[in-house]
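Asks: Once you've had a glance at the structure underneath, I'll fire off some questions.
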Amino acid sequence: TIRYLYNKSSTENIAIRLVFDFENSSYKVEASSDPVSLVHERFEDKKAGETKEEAKETEKKAGGKELIQPKEPVFGPTESYLLKPITLPDGVFFKDIYAEHQIERVSAGLAYIYFFPQGYVEKAVINLRDEDDEVHYSLEINPISGAVKIEPEYKEPEIKR
């Protein structure tokens with residue numbers, strides 16, 4: 001799926017995101033023809049649990065200038081038989097997912113990996129586990145080629161800030 005999305009994004013000139021749902025152990029594909037740009041949120045930019053809107057208000061009250069924010073792209077489901085939502089097989093779960101736009105690994109809720117029409121996918125690590133959290137597999141995505149390396153072990157992401 002990852003290799004297919006890498007190629008689809010560049011050949012169709014669309015931004016694609018792979019959406020991982022930890023609660024339902026599933027993933028789906030969404031696409032957008034809008035321009036997409038990802039910006040890291042730094043820890044000091046907002047307090048834990050604070051929404052983007054609350055962080056902007058806090059910044060205004062502290063006398064800071066509000067930065068111009070780019071228009072948020074609108075993503076929607078893709079219409080392709082090959083890209084239907086997929087539920088992981090019984091006994092297989094997402095342990096955590098890291099993509100380069102994130103501050104840290106995501107292990108609950110939703111996680112995203114973005115594919116860009118210029119032939120680039122975020123560097124990412126998807127860690128899978130069994131029900132007892134004893135057996136692990138990792139999928140590491142190469143951002144330039146879209147190739148996926150699968151290893152039968154838990155993989156710590158190389159987070160460089």
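Ligands are numbered from 1 in the order shown, residues from 1 within each chain, and chains are lettered A, B, ... in the order they appear in the structure tokens.
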Give me the region 14-39 of chain A side of the contact with region 112-117 of chain A, cut-off 8 Å, one line per residue showing its nearest atom pair and distance in Å at one decimal, counting only C-alpha atoms, sorted by chain and residue number, as CSV.
Replies:
residue,atom,partner,partner_atom,distance
A:Ile14,CA,A:Pro117,CA,5.4
A:Ala15,CA,A:Phe116,CA,4.9
A:Ile16,CA,A:Phe115,CA,5.0
A:Arg17,CA,A:Tyr114,CA,4.4
A:Leu18,CA,A:Ile113,CA,5.2
A:Val19,CA,A:Tyr112,CA,4.8
A:Phe20,CA,A:Tyr112,CA,6.3
A:Val36,CA,A:Phe116,CA,7.9
Asks: Determine, using only C-alpha atoms, which residues of region 78-143 of chain A have any atom at most 12 Å from an atom of region 149-160 of chain A, and tabulate each with its shortest atom pair and distance in Å to one decimal place, rows ordered by chain and then rising number, as CSV.
Replies:
residue,atom,partner,partner_atom,distance
A:Phe94,CA,A:Tyr154,CA,11.3
A:Lys95,CA,A:Tyr154,CA,9.0
A:Asp96,CA,A:Tyr154,CA,9.7
A:Ile97,CA,A:Pro157,CA,8.9
A:Tyr98,CA,A:Pro157,CA,6.7
A:Ala99,CA,A:Pro157,CA,8.7
A:Glu100,CA,A:Ile159,CA,7.7
A:His101,CA,A:Ile159,CA,10.3
A:Gln102,CA,A:Ile159,CA,9.4
A:Ile103,CA,A:Ile159,CA,8.5
A:Glu104,CA,A:Ile159,CA,8.0
A:Arg105,CA,A:Pro157,CA,8.2
A:Val106,CA,A:Pro157,CA,11.5
A:Lys123,CA,A:Pro157,CA,9.4
A:Ala124,CA,A:Pro157,CA,7.7
A:Val125,CA,A:Pro157,CA,6.2
A:Ile126,CA,A:Lys155,CA,8.3
A:Asn127,CA,A:Tyr154,CA,6.2
A:Leu128,CA,A:Tyr154,CA,7.8
A:Arg129,CA,A:Tyr154,CA,8.4
A:Asp130,CA,A:Tyr154,CA,11.6
A:Asp133,CA,A:Tyr154,CA,10.4
A:Glu134,CA,A:Glu153,CA,9.9
A:Val135,CA,A:Glu153,CA,7.5
A:His136,CA,A:Glu153,CA,4.9
A:Tyr137,CA,A:Pro152,CA,4.4
A:Ser138,CA,A:Glu151,CA,5.3
A:Leu139,CA,A:Ile150,CA,4.7
A:Glu140,CA,A:Lys149,CA,5.1
A:Ile141,CA,A:Lys149,CA,6.6
A:Asn142,CA,A:Lys149,CA,8.0
A:Pro143,CA,A:Lys149,CA,11.7
Asks: List the spatial neighbours of region 26-35 of chain A as an NGL selection string - criterion: any atom at most 12 Å away, only C-alpha atoms, same-chain residues fewer than 4 positions off excluded.
Replies: :A and (1-2 or 4-6 or 8-10 or 12-22 or 70-90 or 92-94 or 109-118 or 126 or 128)
Asks: Any idea what the distance is between CA of Glu23 (chain A) and CA of Glu122 (chain A)?
Replies: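 About the pair CA of Glu23 (chain A) and CA of Glu122 (chain A): they are 22.9 Å apart.
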Asks: For the strand (DSSP E or B) assignment from backbone DSSP, which residues of region 61-123 of chain A qualify? Please present them as a list in words.
Replies: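 Across region 61-123 of chain A, those assigned strand (DSSP E or B) are Gly76, Pro77, Ile86, Thr87, Val92, Phe93, Phe94, Lys95, Asp96, Ile97, Tyr98, Ala99, Val106, Leu110, Ala111, Tyr112, Ile113, Tyr114, Phe115, Phe116, Tyr120 and Val121 of chain A.
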